[in-house]
file run12.cif (mmCIF, C-alpha atoms)
data_entry
loop_
_atom_site.group_PDB
_atom_site.id
_atom_site.type_symbol
_atom_site.label_atom_id
_atom_site.label_comp_id
_atom_site.auth_asym_id
_atom_site.auth_seq_id
_atom_site.Cartn_x
_atom_site.Cartn_y
_atom_site.Cartn_z
ATOM 1 C CA MET A 1 107.405 -61.737 82.961
ATOM 2 C CA LYS A 2 109.826 -58.825 83.330
ATOM 3 C CA LEU A 3 113.550 -59.476 83.529
ATOM 4 C CA ASP A 4 113.920 -56.680 86.084
ATOM 5 C CA ASP A 5 111.514 -58.473 88.412
ATOM 6 C CA LEU A 6 113.346 -61.755 87.864
ATOM 7 C CA ALA A 7 116.620 -60.042 88.786
ATOM 8 C CA LEU A 8 115.047 -58.721 91.982
ATOM 9 C CA PHE A 9 113.820 -62.206 92.874
ATOM 10 C CA LEU A 10 117.350 -63.608 92.484
ATOM 11 C CA ARG A 11 118.676 -60.718 94.585
ATOM 12 C CA VAL A 12 116.269 -61.597 97.417
ATOM 13 C CA VAL A 13 117.302 -65.245 97.267
ATOM 14 C CA LYS A 14 121.007 -64.382 97.434
ATOM 15 C CA ALA A 15 120.511 -61.832 100.229
ATOM 16 C CA GLY A 16 118.454 -64.278 102.275
ATOM 17 C CA SER A 17 115.656 -61.850 103.062
ATOM 18 C CA PHE A 18 113.593 -59.026 101.599
ATOM 19 C CA ALA A 19 115.017 -56.562 104.105
ATOM 20 C CA ALA A 20 118.640 -57.361 103.251
ATOM 21 C CA ALA A 21 117.981 -57.197 99.511
ATOM 22 C CA ALA A 22 116.122 -53.916 99.885
ATOM 23 C CA ARG A 23 119.097 -52.376 101.717
ATOM 24 C CA GLN A 24 121.511 -53.560 99.022
ATOM 25 C CA ILE A 25 119.614 -51.906 96.191
ATOM 26 C CA ASN A 26 118.206 -49.030 98.247
ATOM 27 C CA ILE A 27 114.497 -49.495 97.609
ATOM 28 C CA PRO A 28 111.631 -49.921 100.122
ATOM 29 C CA THR A 29 110.909 -53.464 101.258
ATOM 30 C CA SER A 30 107.263 -52.991 100.335
ATOM 31 C CA THR A 31 108.232 -52.115 96.745
ATOM 32 C CA LEU A 32 110.473 -55.155 96.528
ATOM 33 C CA SER A 33 107.724 -57.416 97.875
ATOM 34 C CA ARG A 34 105.237 -56.005 95.373
ATOM 35 C CA ARG A 35 107.640 -56.611 92.469
ATOM 36 C CA ILE A 36 108.131 -60.254 93.473
ATOM 37 C CA GLN A 37 104.374 -60.698 93.723
ATOM 38 C CA GLN A 38 104.087 -59.269 90.203
ATOM 39 C CA LEU A 39 106.679 -61.787 88.986
ATOM 40 C CA GLU A 40 104.685 -64.617 90.540
ATOM 41 C CA SER A 41 101.529 -63.292 88.920
ATOM 42 C CA ASP A 42 103.167 -62.927 85.492
ATOM 43 C CA SER A 43 104.751 -66.391 85.624
ATOM 44 C CA GLY A 44 101.730 -68.066 87.173
ATOM 45 C CA ARG A 45 103.940 -69.722 89.799
ATOM 46 C CA LYS A 46 104.407 -69.388 93.532
ATOM 47 C CA LEU A 47 108.119 -68.782 94.092
ATOM 48 C CA LEU A 48 108.488 -67.886 97.757
ATOM 49 C CA VAL A 49 106.687 -68.763 100.978
ATOM 50 C CA ARG A 50 106.980 -65.846 103.365
ATOM 51 C CA HIS A 51 107.038 -66.303 107.147
ATOM 52 C CA ALA A 52 107.299 -63.719 109.896
ATOM 53 C CA LYS A 53 111.106 -63.892 110.147
ATOM 54 C CA ASP A 54 112.231 -65.913 107.144
ATOM 55 C CA MET A 55 111.194 -67.240 103.754
ATOM 56 C CA GLN A 56 111.416 -70.488 101.828
ATOM 57 C CA LEU A 57 111.706 -71.264 98.151
ATOM 58 C CA THR A 58 108.992 -73.364 96.574
ATOM 59 C CA LYS A 59 109.800 -76.042 94.006
ATOM 60 C CA ASP A 60 109.116 -73.510 91.261
ATOM 61 C CA GLY A 61 111.286 -71.010 93.078
ATOM 62 C CA LEU A 62 114.149 -73.518 93.195
ATOM 63 C CA LEU A 63 113.628 -74.196 89.491
ATOM 64 C CA PHE A 64 113.867 -70.472 88.702
ATOM 65 C CA VAL A 65 117.088 -70.178 90.671
ATOM 66 C CA LYS A 66 118.555 -73.198 88.886
ATOM 67 C CA GLU A 67 117.534 -71.931 85.445
ATOM 68 C CA PHE A 68 118.358 -68.244 85.738
ATOM 69 C CA ALA A 69 120.916 -67.591 88.504
ATOM 70 C CA ALA A 70 123.955 -68.595 86.433
ATOM 71 C CA ILE A 71 122.729 -66.569 83.447
ATOM 72 C CA PHE A 72 122.318 -63.435 85.538
ATOM 73 C CA ASP A 73 125.693 -63.999 87.239
ATOM 74 C CA ASP A 74 127.384 -64.222 83.837
ATOM 75 C CA LEU A 75 125.574 -61.098 82.676
ATOM 76 C CA GLN A 76 126.608 -59.143 85.762
ATOM 77 C CA ALA A 77 130.218 -60.299 85.337
ATOM 78 C CA ARG A 78 130.223 -59.137 81.723
ATOM 79 C CA VAL A 79 128.761 -55.756 82.682
ATOM 80 C CA ALA A 80 131.485 -55.431 85.327
ATOM 81 C CA GLU A 81 134.115 -56.231 82.678
ATOM 82 C CA ILE A 82 132.721 -53.546 80.381
ATOM 83 C CA ASP A 83 132.707 -51.006 83.217
ATOM 84 C CA ASP A 84 136.276 -51.968 84.083
ATOM 85 C CA GLU A 85 137.281 -51.677 80.435
ATOM 86 C CA LYS A 86 135.754 -48.215 80.374
ATOM 87 C CA ASP A 87 137.719 -47.151 83.433
ATOM 88 C CA GLN A 88 140.980 -48.861 82.479
ATOM 89 C CA LEU A 89 140.854 -48.130 78.726
ATOM 90 C CA SER A 90 141.519 -51.587 77.372
ATOM 91 C CA GLY A 91 140.769 -53.231 74.058
ATOM 92 C CA LEU A 92 141.678 -52.907 70.385
ATOM 93 C CA ILE A 93 141.805 -49.671 68.359
ATOM 94 C CA VAL A 94 142.218 -50.015 64.580
ATOM 95 C CA ILE A 95 143.768 -47.072 62.702
ATOM 96 C CA ASN A 96 143.597 -47.205 58.898
ATOM 97 C CA ALA A 97 145.899 -44.917 56.887
ATOM 98 C CA PRO A 98 147.608 -44.777 53.472
ATOM 99 C CA ILE A 99 151.051 -44.338 55.031
ATOM 100 C CA ILE A 100 153.296 -46.183 57.444
ATOM 101 C CA PRO A 101 152.134 -44.967 60.900
ATOM 102 C CA THR A 102 155.526 -43.752 62.087
ATOM 103 C CA GLN A 103 155.792 -41.484 59.021
ATOM 104 C CA HIS A 104 153.007 -39.249 60.325
ATOM 105 C CA PRO A 105 152.647 -37.459 63.690
ATOM 106 C CA LEU A 106 149.326 -39.197 64.371
ATOM 107 C CA GLY A 107 151.046 -42.585 64.366
ATOM 108 C CA LEU A 108 153.701 -41.440 66.816
ATOM 109 C CA ILE A 109 151.074 -39.888 69.094
ATOM 110 C CA ALA A 110 149.067 -43.129 69.009
ATOM 111 C CA LEU A 111 152.144 -45.054 70.135
ATOM 112 C CA GLU A 112 152.639 -42.585 72.976
ATOM 113 C CA PHE A 113 148.991 -43.095 73.955
ATOM 114 C CA ALA A 114 149.590 -46.863 74.099
ATOM 115 C CA LYS A 115 152.490 -46.280 76.513
ATOM 116 C CA HIS A 116 150.115 -44.574 78.918
ATOM 117 C CA HIS A 117 147.502 -47.345 78.619
ATOM 118 C CA PRO A 118 149.160 -50.783 78.684
ATOM 119 C CA ASN A 119 145.839 -52.600 78.187
ATOM 120 C CA ILE A 120 145.211 -50.878 74.852
ATOM 121 C CA GLN A 121 146.004 -52.744 71.631
ATOM 122 C CA LEU A 122 146.744 -50.791 68.439
ATOM 123 C CA ARG A 123 146.379 -52.219 64.955
ATOM 124 C CA PHE A 124 147.701 -50.093 62.088
ATOM 125 C CA GLN A 125 146.213 -50.899 58.678
ATOM 126 C CA LEU A 126 147.595 -49.592 55.387
ATOM 127 C CA GLY A 127 144.826 -48.479 53.061
ATOM 128 C CA ASN A 128 143.327 -45.549 51.198
ATOM 129 C CA GLN A 129 139.947 -46.926 50.155
ATOM 130 C CA ALA A 130 136.887 -44.681 50.306
ATOM 131 C CA ASP A 131 134.704 -47.383 51.875
ATOM 132 C CA TYR A 132 136.100 -47.031 55.413
ATOM 133 C CA PHE A 133 132.696 -45.883 56.733
ATOM 134 C CA MET A 134 131.068 -49.094 55.465
ATOM 135 C CA ARG A 135 133.483 -51.374 57.273
ATOM 136 C CA GLY A 136 133.079 -52.561 60.822
ATOM 137 C CA ASP A 137 136.755 -53.133 61.619
ATOM 138 C CA ILE A 138 138.051 -49.525 61.522
ATOM 139 C CA ASP A 139 137.947 -47.128 64.481
ATOM 140 C CA ILE A 140 139.898 -44.196 63.020
ATOM 141 C CA ALA A 141 140.728 -43.484 59.368
ATOM 142 C CA LEU A 142 143.369 -41.071 58.106
ATOM 143 C CA ARG A 143 142.761 -39.763 54.587
ATOM 144 C CA PHE A 144 143.965 -37.028 52.243
ATOM 145 C CA GLY A 145 141.607 -34.746 50.337
ATOM 146 C CA ARG A 146 137.841 -34.641 50.034
ATOM 147 C CA GLN A 147 135.922 -37.662 51.263
ATOM 148 C CA PRO A 148 132.569 -39.129 50.187
ATOM 149 C CA PRO A 149 129.495 -38.171 52.250
ATOM 150 C CA SER A 150 128.919 -40.394 55.277
ATOM 151 C CA ASP A 151 127.755 -40.233 58.879
ATOM 152 C CA TRP A 152 131.365 -40.347 60.105
ATOM 153 C CA VAL A 153 132.838 -37.337 61.862
ATOM 154 C CA SER A 154 135.381 -35.665 59.560
ATOM 155 C CA ARG A 155 138.034 -33.367 61.028
ATOM 156 C CA LYS A 156 140.620 -31.438 59.051
ATOM 157 C CA ILE A 157 143.842 -31.707 61.000
ATOM 158 C CA ALA A 158 146.391 -30.185 58.604
ATOM 159 C CA HIS A 159 147.035 -29.202 54.998
ATOM 160 C CA ASN A 160 149.408 -31.241 52.866
ATOM 161 C CA PRO A 161 151.300 -29.228 50.211
ATOM 162 C CA ALA A 162 152.200 -31.467 47.276
ATOM 163 C CA ILE A 163 155.000 -31.508 44.714
ATOM 164 C CA LEU A 164 155.818 -33.346 41.497
ATOM 165 C CA CYS A 165 159.006 -35.353 41.576
ATOM 166 C CA ALA A 166 160.945 -37.986 39.671
ATOM 167 C CA SER A 167 164.340 -39.674 39.779
ATOM 168 C CA MET A 168 167.332 -38.250 37.916
ATOM 169 C CA GLU A 169 167.413 -41.506 35.913
ATOM 170 C CA TYR A 170 163.886 -40.913 34.628
ATOM 171 C CA LEU A 171 164.392 -37.212 33.895
ATOM 172 C CA THR A 172 167.585 -37.777 31.882
ATOM 173 C CA THR A 173 166.040 -40.516 29.739
ATOM 174 C CA HIS A 174 162.731 -38.781 28.929
ATOM 175 C CA PRO A 175 161.768 -35.443 27.349
ATOM 176 C CA ALA A 176 162.197 -32.302 29.445
ATOM 177 C CA ILE A 177 159.126 -31.014 31.262
ATOM 178 C CA SER A 178 158.558 -27.254 31.182
ATOM 179 C CA HIS A 179 154.749 -27.081 31.336
ATOM 180 C CA PRO A 180 152.035 -29.208 32.993
ATOM 181 C CA ASN A 181 150.489 -29.986 29.606
ATOM 182 C CA GLU A 182 153.653 -31.896 28.690
ATOM 183 C CA LEU A 183 152.955 -34.414 31.452
ATOM 184 C CA ALA A 184 150.429 -36.077 29.134
ATOM 185 C CA ARG A 185 153.422 -37.584 27.259
ATOM 186 C CA HIS A 186 155.036 -38.898 30.449
ATOM 187 C CA LEU A 187 154.617 -41.894 32.727
ATOM 188 C CA LEU A 188 152.758 -40.795 35.849
ATOM 189 C CA LEU A 189 152.513 -42.338 39.311
ATOM 190 C CA THR A 190 149.465 -41.680 41.448
ATOM 191 C CA SER A 191 147.735 -42.718 44.644
ATOM 192 C CA ASN A 192 144.346 -41.541 43.373
ATOM 193 C CA PRO A 193 143.731 -41.787 39.604
ATOM 194 C CA ASP A 194 140.220 -40.319 39.991
ATOM 195 C CA GLN A 195 141.489 -36.941 41.191
ATOM 196 C CA ARG A 196 142.708 -34.377 38.653
ATOM 197 C CA TRP A 197 146.037 -32.642 39.149
ATOM 198 C CA HIS A 198 145.500 -28.882 39.432
ATOM 199 C CA PHE A 199 148.401 -26.489 38.776
ATOM 200 C CA LEU A 200 148.689 -22.753 39.453
ATOM 201 C CA HIS A 201 151.450 -20.461 38.163
ATOM 202 C CA PRO A 202 152.459 -17.191 39.907
ATOM 203 C CA ASN A 203 151.358 -15.313 36.740
ATOM 204 C CA GLY A 204 147.800 -16.538 37.325
ATOM 205 C CA ASN A 205 147.708 -19.295 34.710
ATOM 206 C CA SER A 206 146.135 -22.568 35.810
ATOM 207 C CA VAL A 207 146.023 -26.077 34.364
ATOM 208 C CA SER A 208 143.852 -29.044 35.272
ATOM 209 C CA LEU A 209 145.230 -32.418 34.194
ATOM 210 C CA LYS A 210 143.244 -35.634 33.958
ATOM 211 C CA HIS A 211 145.716 -38.500 34.233
ATOM 212 C CA ASN A 212 145.876 -42.275 34.080
ATOM 213 C CA GLY A 213 148.860 -43.304 36.142
ATOM 214 C CA ARG A 214 151.176 -46.050 34.964
ATOM 215 C CA ILE A 215 151.636 -47.093 38.594
ATOM 216 C CA GLN A 216 148.654 -46.678 40.892
ATOM 217 C CA SER A 217 148.510 -47.571 44.569
ATOM 218 C CA ASP A 218 146.466 -46.754 47.651
ATOM 219 C CA GLU A 219 149.731 -46.660 49.620
ATOM 220 C CA LEU A 220 151.989 -43.623 49.284
ATOM 221 C CA ASP A 221 155.034 -45.708 50.112
ATOM 222 C CA CYS A 222 154.536 -47.709 46.914
ATOM 223 C CA ILE A 223 154.335 -44.546 44.774
ATOM 224 C CA HIS A 224 157.373 -43.118 46.553
ATOM 225 C CA HIS A 225 159.527 -46.167 45.823
ATOM 226 C CA ALA A 226 158.272 -46.374 42.244
ATOM 227 C CA ALA A 227 159.400 -42.774 41.705
ATOM 228 C CA ILE A 228 162.835 -43.454 43.225
ATOM 229 C CA SER A 229 163.134 -46.539 40.971
ATOM 230 C CA GLY A 230 162.610 -44.433 37.826
ATOM 231 C CA PHE A 231 159.104 -45.517 36.853
ATOM 232 C CA GLY A 232 157.784 -42.006 36.243
ATOM 233 C CA VAL A 233 156.669 -38.658 37.666
ATOM 234 C CA ALA A 234 154.834 -38.782 40.997
ATOM 235 C CA LYS A 235 152.632 -36.374 42.907
ATOM 236 C CA LEU A 236 153.426 -36.781 46.609
ATOM 237 C CA PRO A 237 153.107 -34.762 49.839
ATOM 238 C CA GLU A 238 156.098 -32.457 50.238
ATOM 239 C CA TRP A 239 156.815 -33.548 53.811
ATOM 240 C CA TYR A 240 156.687 -37.177 52.750
ATOM 241 C CA VAL A 241 159.498 -36.878 50.181
ATOM 242 C CA ARG A 242 161.559 -34.121 51.795
ATOM 243 C CA ALA A 243 164.418 -36.478 52.728
ATOM 244 C CA SER A 244 164.492 -37.984 49.227
ATOM 245 C CA LEU A 245 164.743 -34.498 47.721
ATOM 246 C CA GLU A 246 167.562 -33.550 50.059
ATOM 247 C CA ASN A 247 169.627 -36.681 49.370
ATOM 248 C CA GLY A 248 169.086 -36.544 45.594
ATOM 249 C CA GLU A 249 166.964 -39.672 45.228
ATOM 250 C CA LEU A 250 164.243 -37.470 43.738
ATOM 251 C CA ILE A 251 164.215 -34.181 41.831
ATOM 252 C CA GLN A 252 161.348 -31.710 41.952
ATOM 253 C CA VAL A 253 159.536 -31.307 38.620
ATOM 254 C CA LEU A 254 157.984 -27.976 37.569
ATOM 255 C CA PRO A 255 159.089 -26.177 40.750
ATOM 256 C CA GLU A 256 157.734 -22.862 39.426
ATOM 257 C CA TRP A 257 154.208 -24.308 39.344
ATOM 258 C CA GLN A 258 152.184 -24.886 42.508
ATOM 259 C CA ILE A 259 150.325 -28.184 42.436
ATOM 260 C CA GLU A 260 147.206 -28.481 44.553
ATOM 261 C CA GLY A 261 147.781 -30.387 47.773
ATOM 262 C CA ALA A 262 145.248 -32.105 49.981
ATOM 263 C CA ASP A 263 143.857 -31.643 53.463
ATOM 264 C CA VAL A 264 144.709 -34.325 56.004
ATOM 265 C CA MET A 265 141.433 -35.656 57.387
ATOM 266 C CA MET A 266 140.886 -37.715 60.537
ATOM 267 C CA LEU A 267 137.626 -39.647 60.392
ATOM 268 C CA TYR A 268 135.802 -41.748 62.950
ATOM 269 C CA PRO A 269 132.266 -43.028 63.541
ATOM 270 C CA SER A 270 129.576 -40.878 65.109
ATOM 271 C CA ARG A 271 130.253 -39.919 68.732
ATOM 272 C CA LYS A 272 126.931 -41.439 69.729
ATOM 273 C CA HIS A 273 128.314 -44.947 70.214
ATOM 274 C CA LEU A 274 132.048 -44.283 70.161
ATOM 275 C CA PRO A 275 133.958 -46.592 72.542
ATOM 276 C CA GLU A 276 135.626 -44.865 75.460
ATOM 277 C CA ARG A 277 139.061 -46.027 74.331
ATOM 278 C CA THR A 278 138.598 -44.533 70.851
ATOM 279 C CA GLN A 279 137.311 -41.228 72.215
ATOM 280 C CA ALA A 280 140.246 -41.144 74.648
ATOM 281 C CA LEU A 281 142.728 -41.596 71.783
ATOM 282 C CA ILE A 282 141.050 -38.855 69.725
ATOM 283 C CA ASP A 283 141.212 -36.528 72.739
ATOM 284 C CA PHE A 284 144.886 -37.468 73.162
ATOM 285 C CA PHE A 285 145.549 -36.507 69.528
ATOM 286 C CA HIS A 286 144.020 -33.079 70.123
ATOM 287 C CA GLU A 287 145.966 -32.562 73.338
ATOM 288 C CA ASN A 288 149.360 -33.555 71.944
ATOM 289 C CA TRP A 289 149.591 -32.423 68.336
ATOM 290 C CA THR A 290 149.611 -28.669 67.707
ATOM 291 C CA GLY A 291 148.511 -29.279 64.121
ATOM 292 C CA LEU A 292 145.149 -30.392 65.460
ATOM 293 C CA ASN A 293 144.788 -27.433 67.781
ATOM 294 C CA SER A 294 145.589 -24.883 65.113
ATOM 295 C CA GLN A 295 142.603 -25.766 62.899
#
call {"tool": "encode", "arguments": {"input": "run12.cif", "output": "structure tokens"}}
result
Amino acid sequence: MKLDDLALFLRVVKAGSFAAAARQINIPTSTLSRRIQQLESDSGRKLLVRHAKDMQLTKDGLLFVKEFAAIFDDLQARVAEIDDEKDQLSGLIVINAPIIPTQHPLGLIALEFAKHHPNIQLRFQLGNQADYFMRGDIDIALRFGRQPPSDWVSRKIAHNPAILCASMEYLTTHPAISHPNELARHLLLTSNPDQRWHFLHPNGNSVSLKHNGRIQSDELDCIHHAAISGFGVAKLPEWYVRASLENGELIQVLPEWQIEGADVMMLYPSRKHLPERTQALIDFFHENWTGLNSQ
């Protein structure tokens, strides 16, 4: 018994005649009649008694209506809700990032998107884990640097220059730092202990430092505050700590050395089954942030 044929049977019952049902779904009456006959054959039950100008349900036909009409009505209502959701852009979008959303242009653009679509819900998650593509609760992930292979779409949206910095309190109570190799004797703060720190000097010299941070956190805000509080030397995005450098909370360390930064990556599941609301937000990012359009 085919569900499509059962749906056609219920359509005929609701319409009151084969002709009316055929007009509603724009198929020939003969085709509709043949499909109902096939349903009766597959189910082994007589469902309708046809007369010249009308029809009557048999007992089995009444039983089918009682058993299946409500189910199909609920299904059609749900399909209508999904179609409406597609048109109206409603539902929840989860954005996972290692920084407070309003500290990055993507967060501000997402809030602007929500203004335009009042039925959209945004949930901002703080996190920097590499397992985002294995989780089912994330729609868009924001990450820095290279990411593990996955079937997620990965888009570079900007480059993040980095600097080393520490508080004046820390620098005045610990040995001076004039070369990256001397960092091995210092307390270090890091958001990713698995990534080496790579340094390049204008004279061409380079240094690669493997480190084991005293304070480690997936959230940049934690590393930032630890640096301000005098816990050690931190590697942080330059834009992220610019205000702290200007007001003296932090001092740049080894300013003559360039420390390797990280690309800002926006990641999201394959476009194949991407919800309309998520695709709309991604499109909105590309339309409203020049950093995206310049890549």
call {"tool": "closest_residue", "arguments": {"input": "run12.cif", "among": "A:Ala226, A:His51, A:Gly261, A:Glu256", "to": "Ser178 of chain A", "atoms": "only C-alpha atoms"}}
result
A:Glu256
call {"tool": "atom_distance", "arguments": {"input": "run12.cif", "atom1": "atom CA of Leu220 of chain A", "atom2": "atom CA of Phe124 of chain A"}}
result
15.0 Å
call {"tool": "closest_residue", "arguments": {"input": "run12.cif", "among": "A:Arg45, A:Arg50, A:His224, A:Arg185", "to": "Leu250 of chain A", "atoms": "all atoms listed in the file"}}
result
A:His224
call {"tool": "closest_residue", "arguments": {"input": "run12.cif", "among": "A:Thr58, A:Asn181, A:Thr31, A:Asn212", "to": "Arg196 of chain A", "atoms": "all atoms listed in the file"}}
result
A:Asn212
call {"tool": "closest_residue", "arguments": {"input": "run12.cif", "among": "A:Pro175, A:Pro269, A:Gly107, A:Pro180", "to": "His201 of chain A", "atoms": "only C-alpha atoms"}}
result
A:Pro180
call {"tool": "closest_residue", "arguments": {"input": "run12.cif", "among": "A:Ile282, A:Leu245, A:Leu126, A:Ile177", "to": "Glu219 of chain A", "atoms": "only C-alpha atoms"}}
result
A:Leu126
call {"tool": "atom_distance", "arguments": {"input": "run12.cif", "atom1": "atom CA of Ala70 of chain A", "atom2": "atom CA of Leu10 of chain A"}}
result
10.3 Å
call {"tool": "closest_residue", "arguments": {"input": "run12.cif", "among": "A:Arg11, A:Lys272, A:His117, A:Lys2", "to": "Glu40 of chain A", "atoms": "only C-alpha atoms"}}
result
A:Lys2
